[in-house]
$ cat work20.cif   # mmCIF, C-alpha atoms
data_data
#
loop_
_atom_site.label_atom_id
_atom_site.label_comp_id
_atom_site.auth_asym_id
_atom_site.auth_seq_id
_atom_site.Cartn_x
_atom_site.Cartn_y
_atom_site.Cartn_z
CA MET W 22 103.57 50.25 36.56
CA ILE W 23 105.34 49.72 33.25
CA TYR W 24 103.34 50.10 30.04
CA ALA W 25 103.99 49.66 26.32
CA MET W 26 102.18 50.92 23.22
CA SER W 27 103.08 51.34 19.57
CA ASP W 28 102.14 52.92 16.23
CA ILE W 29 100.21 55.97 17.43
CA HIS W 30 100.63 57.53 13.97
CA GLY W 31 99.67 61.09 14.77
CA CYS W 32 96.52 60.24 16.76
CA TYR W 33 97.17 62.69 19.59
CA GLU W 34 93.71 62.53 21.12
CA LYS W 35 93.87 58.74 21.39
CA TYR W 36 97.33 59.04 22.96
CA ARG W 37 96.07 61.52 25.56
CA ASP W 38 92.94 59.46 26.18
CA MET W 39 95.12 56.42 26.80
CA LEU W 40 97.25 58.25 29.35
CA GLU W 41 94.04 59.09 31.20
CA THR W 42 92.68 55.56 30.82
CA ILE W 43 95.74 53.98 32.44
CA LYS W 44 95.94 56.84 34.98
CA PHE W 45 99.55 57.39 33.94
CA ALA W 46 101.47 58.76 36.92
CA ALA W 47 104.94 60.16 37.56
CA ASP W 48 106.15 56.86 39.04
CA ASP W 49 104.94 54.84 36.02
CA THR W 50 106.98 54.22 32.86
CA LEU W 51 105.65 54.10 29.32
CA TYR W 52 107.56 52.64 26.38
CA VAL W 53 106.38 53.82 22.94
CA LEU W 54 107.64 51.39 20.32
CA GLY W 55 107.95 53.73 17.36
CA ASP W 56 105.82 55.12 14.53
CA VAL W 57 104.53 58.10 16.44
CA LEU W 58 104.70 60.08 13.18
CA ASP W 59 102.83 60.09 9.86
CA ARG W 60 99.41 59.15 8.50
CA GLY W 61 97.59 61.04 11.28
CA PRO W 62 97.92 64.83 11.78
CA ASP W 63 99.63 65.27 15.14
CA GLY W 64 102.76 63.15 15.24
CA PHE W 65 105.10 65.95 16.24
CA LYS W 66 102.65 67.08 18.90
CA ILE W 67 102.91 63.61 20.42
CA LEU W 68 106.71 63.66 20.17
CA LEU W 69 106.81 66.99 21.98
CA ASP W 70 104.64 65.58 24.76
CA MET W 71 106.89 62.52 25.02
CA ALA W 72 110.00 64.71 25.13
CA ALA W 73 108.56 66.61 28.08
CA ARG W 74 107.98 63.44 30.12
CA PRO W 75 111.08 61.81 31.63
CA ASN W 76 109.08 58.63 32.30
CA VAL W 77 108.15 58.11 28.63
CA VAL W 78 110.78 56.17 26.65
CA GLY W 79 110.53 56.39 22.87
CA LEU W 80 111.86 53.78 20.46
CA LEU W 81 112.68 54.41 16.84
CA GLY W 82 110.16 53.36 14.19
CA ASN W 83 110.58 53.22 10.44
CA HIS W 84 108.52 56.41 10.08
CA GLU W 85 110.84 58.30 12.43
CA LEU W 86 113.77 57.02 10.39
CA LEU W 87 112.19 58.35 7.19
CA ALA W 88 111.56 61.70 8.86
CA ALA W 89 115.09 61.93 10.23
CA ALA W 90 116.52 61.46 6.72
CA ALA W 91 114.37 64.23 5.22
CA LEU W 92 114.25 66.81 8.03
CA PRO W 93 117.71 68.36 7.48
CA SER W 94 116.79 69.53 3.96
CA LEU W 95 113.41 70.75 5.21
CA LEU W 96 115.09 72.67 8.01
CA ARG W 97 117.59 74.23 5.60
CA THR W 98 114.77 75.51 3.43
CA MET W 99 112.92 76.92 6.45
CA ARG W 100 115.95 78.68 7.89
CA GLN W 101 116.98 80.28 4.63
CA GLY W 102 113.51 81.74 4.25
CA GLU W 103 113.06 80.81 0.62
CA GLU W 104 112.66 77.70 -1.41
CA GLN W 105 116.01 76.09 -2.04
CA PRO W 106 116.59 73.40 -4.64
CA LEU W 107 116.97 69.95 -3.16
CA SER W 108 119.62 67.55 -4.34
CA LYS W 109 118.48 64.37 -6.09
CA THR W 110 119.11 62.39 -2.91
CA GLU W 111 117.13 64.91 -0.82
CA GLN W 112 114.27 64.81 -3.30
CA GLU W 113 114.18 61.02 -3.09
CA GLN W 114 114.22 61.11 0.71
CA MET W 115 111.38 63.63 0.83
CA GLN W 116 109.34 61.73 -1.75
CA LYS W 117 109.80 58.47 0.15
CA TRP W 118 108.59 60.12 3.36
CA ILE W 119 105.55 61.58 1.61
CA GLN W 120 104.72 58.27 -0.07
CA ASN W 121 104.72 56.61 3.35
CA GLY W 122 102.22 59.00 4.91
CA GLY W 123 104.56 61.84 5.80
CA LYS W 124 102.56 64.77 4.41
CA PRO W 125 100.58 65.47 7.64
CA SER W 126 103.83 65.41 9.62
CA ILE W 127 105.54 67.81 7.21
CA LEU W 128 102.63 70.25 7.41
CA GLN W 129 102.71 70.15 11.19
CA PHE W 130 106.48 70.49 11.36
CA LEU W 131 106.28 73.68 9.29
CA GLN W 132 103.96 75.16 11.93
CA LEU W 133 106.22 74.44 14.92
CA SER W 134 107.85 77.30 16.76
CA GLY W 135 111.61 77.62 16.76
CA GLU W 136 111.77 76.21 20.29
CA GLU W 137 109.56 73.26 19.37
CA THR W 138 111.64 72.53 16.28
CA GLU W 139 114.80 72.52 18.38
CA THR W 140 113.19 70.18 20.93
CA VAL W 141 112.11 67.72 18.23
CA CYS W 142 115.52 67.75 16.54
CA LYS W 143 117.28 67.05 19.84
CA TYR W 144 114.80 64.38 20.89
CA MET W 145 114.59 62.23 17.76
CA PRO W 146 118.27 61.12 17.78
CA LYS W 147 117.74 59.86 21.35
CA LEU W 148 115.16 57.28 20.22
CA SER W 149 116.54 53.78 20.80
CA ALA W 150 116.35 50.90 18.31
CA TYR W 151 115.54 48.43 21.09
CA LYS W 152 115.27 48.07 24.86
CA GLU W 153 115.74 45.08 27.13
CA ILE W 154 113.88 45.34 30.42
CA MET W 155 112.93 43.13 33.36
CA VAL W 156 109.41 43.42 34.78
CA GLN W 157 108.19 41.27 37.65
CA GLY W 158 110.94 38.75 36.98
CA ARG W 159 110.07 38.48 33.28
CA GLN W 160 112.47 39.63 30.57
CA PHE W 161 111.18 41.65 27.63
CA VAL W 162 112.87 42.72 24.39
CA LEU W 163 111.11 45.80 23.01
CA VAL W 164 111.52 46.64 19.31
CA HIS W 165 109.51 48.41 16.65
CA ALA W 166 108.99 45.69 14.04
CA GLY W 167 110.81 42.50 14.97
CA LEU W 168 114.21 40.97 14.34
CA GLU W 169 115.28 40.51 10.73
CA HIS W 170 118.08 38.02 10.00
CA PHE W 171 117.48 36.49 13.41
CA SER W 172 119.97 34.10 14.97
CA PRO W 173 119.80 32.88 18.60
CA ALA W 174 123.56 33.36 18.85
CA ARG W 175 123.51 36.95 17.59
CA PRO W 176 123.65 39.67 20.29
CA LEU W 177 121.13 42.47 19.84
CA GLU W 178 123.87 45.07 19.53
CA GLU W 179 125.11 43.34 16.37
CA TYR W 180 121.85 43.79 14.44
CA ASP W 181 121.63 46.55 11.84
CA LEU W 182 119.20 49.39 12.51
CA GLU W 183 116.95 48.26 9.65
CA ASP W 184 116.68 44.79 11.21
CA PHE W 185 114.58 46.30 14.00
CA LEU W 186 112.42 48.61 11.89
CA PHE W 187 111.09 47.08 8.68
CA CYS W 188 110.56 43.34 9.05
CA ARG W 189 107.46 41.27 9.71
CA PRO W 190 107.64 38.79 12.57
CA ASP W 191 107.90 35.08 11.81
CA LEU W 192 105.05 33.71 13.92
CA ASP W 193 106.54 30.21 13.88
CA THR W 194 109.86 31.32 15.35
CA THR W 195 110.66 31.21 19.04
CA TYR W 196 112.99 34.18 19.12
CA PHE W 197 113.97 33.77 22.75
CA PRO W 198 112.85 30.89 24.97
CA ASP W 199 113.47 32.96 28.10
CA LYS W 200 112.46 36.44 26.84
CA THR W 201 109.29 37.92 25.41
CA LEU W 202 109.60 39.90 22.16
CA VAL W 203 107.23 42.89 22.14
CA PHE W 204 106.76 44.71 18.84
CA GLY W 205 104.48 46.92 16.73
CA HIS W 206 104.61 47.80 13.01
CA THR W 207 102.39 44.97 11.74
CA PRO W 208 98.70 45.60 12.54
CA THR W 209 97.51 42.85 14.83
CA ARG W 210 94.43 42.25 12.65
CA LEU W 211 96.88 40.82 10.10
CA LEU W 212 98.63 38.68 12.69
CA HIS W 213 95.36 37.19 13.96
CA ARG W 214 94.27 36.54 10.39
CA GLN W 215 97.61 34.89 9.61
CA ILE W 216 97.06 32.21 12.25
CA GLY W 217 93.45 31.69 11.20
CA GLU W 218 91.70 33.35 14.11
CA PRO W 219 88.22 34.77 13.47
CA GLU W 220 87.78 38.47 12.78
CA GLN W 221 87.44 40.39 16.03
CA PRO W 222 87.98 44.00 17.10
CA ASP W 223 91.63 44.97 16.83
CA ARG W 224 93.35 43.67 19.93
CA ILE W 225 96.82 42.94 21.27
CA PHE W 226 98.34 39.77 19.82
CA HIS W 227 99.84 37.06 22.05
CA ARG W 228 101.56 33.97 20.67
CA GLY W 229 104.24 32.02 22.53
CA THR W 230 107.01 34.40 23.51
CA MET W 231 105.88 37.27 21.30
CA ILE W 232 103.39 40.11 21.76
CA GLY W 233 102.16 42.46 19.01
CA LEU W 234 100.85 45.88 20.02
CA ASP W 235 99.88 47.67 16.78
CA CYS W 236 96.08 47.65 16.95
CA GLY W 237 95.78 49.90 13.89
CA CYS W 238 94.63 53.04 15.68
CA VAL W 239 95.03 55.26 12.59
CA TYR W 240 93.01 52.94 10.35
CA SER W 241 89.26 52.60 10.03
CA GLY W 242 87.93 50.62 12.96
CA GLY W 243 91.35 50.45 14.61
CA ARG W 244 92.20 51.14 18.21
CA LEU W 245 95.18 52.27 20.24
CA GLY W 246 96.23 49.39 22.47
CA CYS W 247 98.37 49.61 25.59
CA LEU W 248 99.73 46.72 27.64
CA CYS W 249 100.72 46.80 31.30
CA LEU W 250 103.82 44.60 31.46
CA ASP W 251 103.44 44.09 35.21
CA THR W 252 99.97 42.55 35.03
CA MET W 253 99.39 41.84 31.29
CA GLU W 254 96.23 43.94 31.55
CA GLU W 255 95.18 45.37 28.18
CA PHE W 256 93.73 48.85 27.60
CA TYR W 257 92.09 50.26 24.47
CA VAL W 258 90.80 53.61 23.25
#
$ encode --input "work20.cif" --output "structure tokens"
Amino acid sequence: MIYAMSDIHGCYEKYRDMLETIKFAADDTLYVLGDVLDRGPDGFKILLDMAARPNVVGLLGNHELLAAAALPSLLRTMRQGEEQPLSKTEQEQMQKWIQNGGKPSILQFLQLSGEETETVCKYMPKLSAYKEIMVQGRQFVLVHAGLEHFSPARPLEEYDLEDFLFCRPDLDTTYFPDKTLVFGHTPTRLLHRQIGEPEQPDRIFHRGTMIGLDCGCVYSGGRLGCLCLDTMEEFYV
């Protein structure tokens, strides 16, 4: 089976519970649509688990992008064994990461072993901005946030990295008539509210040819949602 989830945000126990809930096996594939890091305490622990599983495919989220910008200066400080002054640009990158929930990730990163640090630093650049897959004859476009500056005539490879990572989906747009856009980033409670649906437990969002997966697992009352793309069965922990 092929599964997709998004925005785990350091909630390692929910991630592990979900793998057990879906009975994730070696012949299954799981796509994680970014924002594994930040807000919750165990983002790098999740990344290390993902890196060890060849059947887990990670996509880049805006929080991974923030981390990737700040990690080189953090690594330099760690390796030199003493506090080194950061440049103005490095200070701004670090502050931006912290302001966006990066403190728990930084604290965990500082506790990683040398081998774990090396694994993380090799794995993060491999995270894709998007994936196009076919499941049971149905085409899916997997991204973290959506498609900014969308044009039907614009090939995916011509979008800027930020176009996949920071936008909010336009719920009145049919992005692809023959493909389903699957995304995270925007908590689905906000998407349901936007179209006037009554308040319900956080759940996966379906509308036309788009599916939202971010069920707000790191927030109060939120859940981690996972969708089986073969059957459209939904799972929650």
$ atom_distance --input "work20.cif" --atom1 "CA of Tyr257 (chain W)" --atom2 "CA of Leu245 (chain W)"
5.6 Å
$ residues_around --input "work20.cif" --residues "Leu248 (chain W)" --least-positions-apart "6" --cutoff "7 Å" --atoms "all atoms listed in the file" --output "PyMOL selection string"
chain W and resi 24-26+254-256
$ residues_around --input "work20.cif" --residues "Glu139 (chain W)" --least-positions-apart "3" --cutoff "12 Å" --atoms "all atoms listed in the file" --output "ChimeraX atom specification"
/W:65,69,72,92,96,130,133-136,142-146
$ write_last_selection --input "work20.cif" --atoms "C-alpha atoms" --output "mmCIF file, keeping the file's coordinate frame"
data_model
loop_
_atom_site.group_PDB
_atom_site.id
_atom_site.type_symbol
_atom_site.label_atom_id
_atom_site.label_comp_id
_atom_site.auth_asym_id
_atom_site.auth_seq_id
_atom_site.Cartn_x
_atom_site.Cartn_y
_atom_site.Cartn_z
ATOM 1 C CA PHE W 65 105.100 65.950 16.240
ATOM 2 C CA LEU W 69 106.810 66.990 21.980
ATOM 3 C CA ALA W 72 110.000 64.710 25.130
ATOM 4 C CA LEU W 92 114.250 66.810 8.030
ATOM 5 C CA LEU W 96 115.090 72.670 8.010
ATOM 6 C CA PHE W 130 106.480 70.490 11.360
ATOM 7 C CA LEU W 133 106.220 74.440 14.920
ATOM 8 C CA SER W 134 107.850 77.300 16.760
ATOM 9 C CA GLY W 135 111.610 77.620 16.760
ATOM 10 C CA GLU W 136 111.770 76.210 20.290
ATOM 11 C CA CYS W 142 115.520 67.750 16.540
ATOM 12 C CA LYS W 143 117.280 67.050 19.840
ATOM 13 C CA TYR W 144 114.800 64.380 20.890
ATOM 14 C CA MET W 145 114.590 62.230 17.760
ATOM 15 C CA PRO W 146 118.270 61.120 17.780
#
$ closest_residue --input "work20.cif" --among "W:Ala166, W:Leu86, W:Ile225, W:Ile23" --to "Lys117 (chain W)" --atoms "only C-alpha atoms"
W:Leu86
$ resolve_selection --input "work20.cif" --expression "the PyMOL selection byres ((chain W and resi 115) around 12)" --output "PyMOL selection string"
chain W and resi 86-95+107-114+116-124+126-127
$ resolve_selection --input "work20.cif" --expression "the PyMOL selection byres ((chain W and resi 148) around 12)" --output "ChimeraX atom specification"
/W:52-57,68,71-72,77-83,85-86,89,141-147,149-152,164-165,182
$ axis_aligned_box --input "work20.cif" --around "region 59-66 of chain W" --padding-each-side "5 Å" --output "lines of an AutoDock Vina configuration file"
center_x = 101.3
center_y = 63.1
center_z = 13.7
size_x = 17.5
size_y = 17.9
size_z = 20.4
$ closest_atom_pairs --input "work20.cif" --of "region 136-196 of chain W" --to "region 232-237 of chain W" --cutoff "12 Å" --atoms "all atoms listed in the file" --output "tab-separated table"
residue	atom	partner	partner_atom	distance
W:Phe161	CA	W:Ile232	CA	9.9
W:Val162	CA	W:Ile232	CA	10.2
W:Leu163	CA	W:Ile232	CA	9.7
W:Val164	CA	W:Gly233	CA	10.3
W:His165	CA	W:Leu234	CA	9.6
W:Ala166	CA	W:Gly233	CA	9.0
W:Gly167	CA	W:Gly233	CA	9.5
W:Arg189	CA	W:Gly233	CA	10.8
W:Pro190	CA	W:Gly233	CA	9.2
W:Asp191	CA	W:Gly233	CA	11.8
W:Leu192	CA	W:Ile232	CA	10.3
W:Thr195	CA	W:Ile232	CA	11.8
W:Tyr196	CA	W:Ile232	CA	11.6
$ atom_distance --input "work20.cif" --atom1 "CA of Pro106 (chain W)" --atom2 "CA of His84 (chain W)"
23.9 Å
$ atom_distance --input "work20.cif" --atom1 "CA of Gly158 (chain W)" --atom2 "CA of Met22 (chain W)"
13.7 Å
$ closest_residue --input "work20.cif" --among "W:Asp223, W:Asp199, W:Glu34, W:Glu169" --to "Pro62 (chain W)" --atoms "all atoms listed in the file"
W:Glu34
$ residues_around --input "work20.cif" --residues "Val258 (chain W)" --least-positions-apart "3" --cutoff "8 Å" --atoms "all atoms listed in the file" --output "PyMOL selection string"
chain W and resi 35+38-39+244-246
$ closest_residue --input "work20.cif" --among "W:Asn76, W:Thr207, W:Thr194, W:Gln215" --to "Gly229 (chain W)" --atoms "all atoms listed in the file"
W:Thr194
$ resolve_selection --input "work20.cif" --expression "the PyMOL selection byres ((chain W and resi 209) around 6)" --output "list in words"
Pro208, Arg210, Leu211, Leu212, Phe226, Asp235 and Cys236 of chain W
$ closest_residue --input "work20.cif" --among "W:Ile216, W:His170, W:Arg175, W:Cys247" --to "Leu40 (chain W)" --atoms "all atoms listed in the file"
W:Cys247
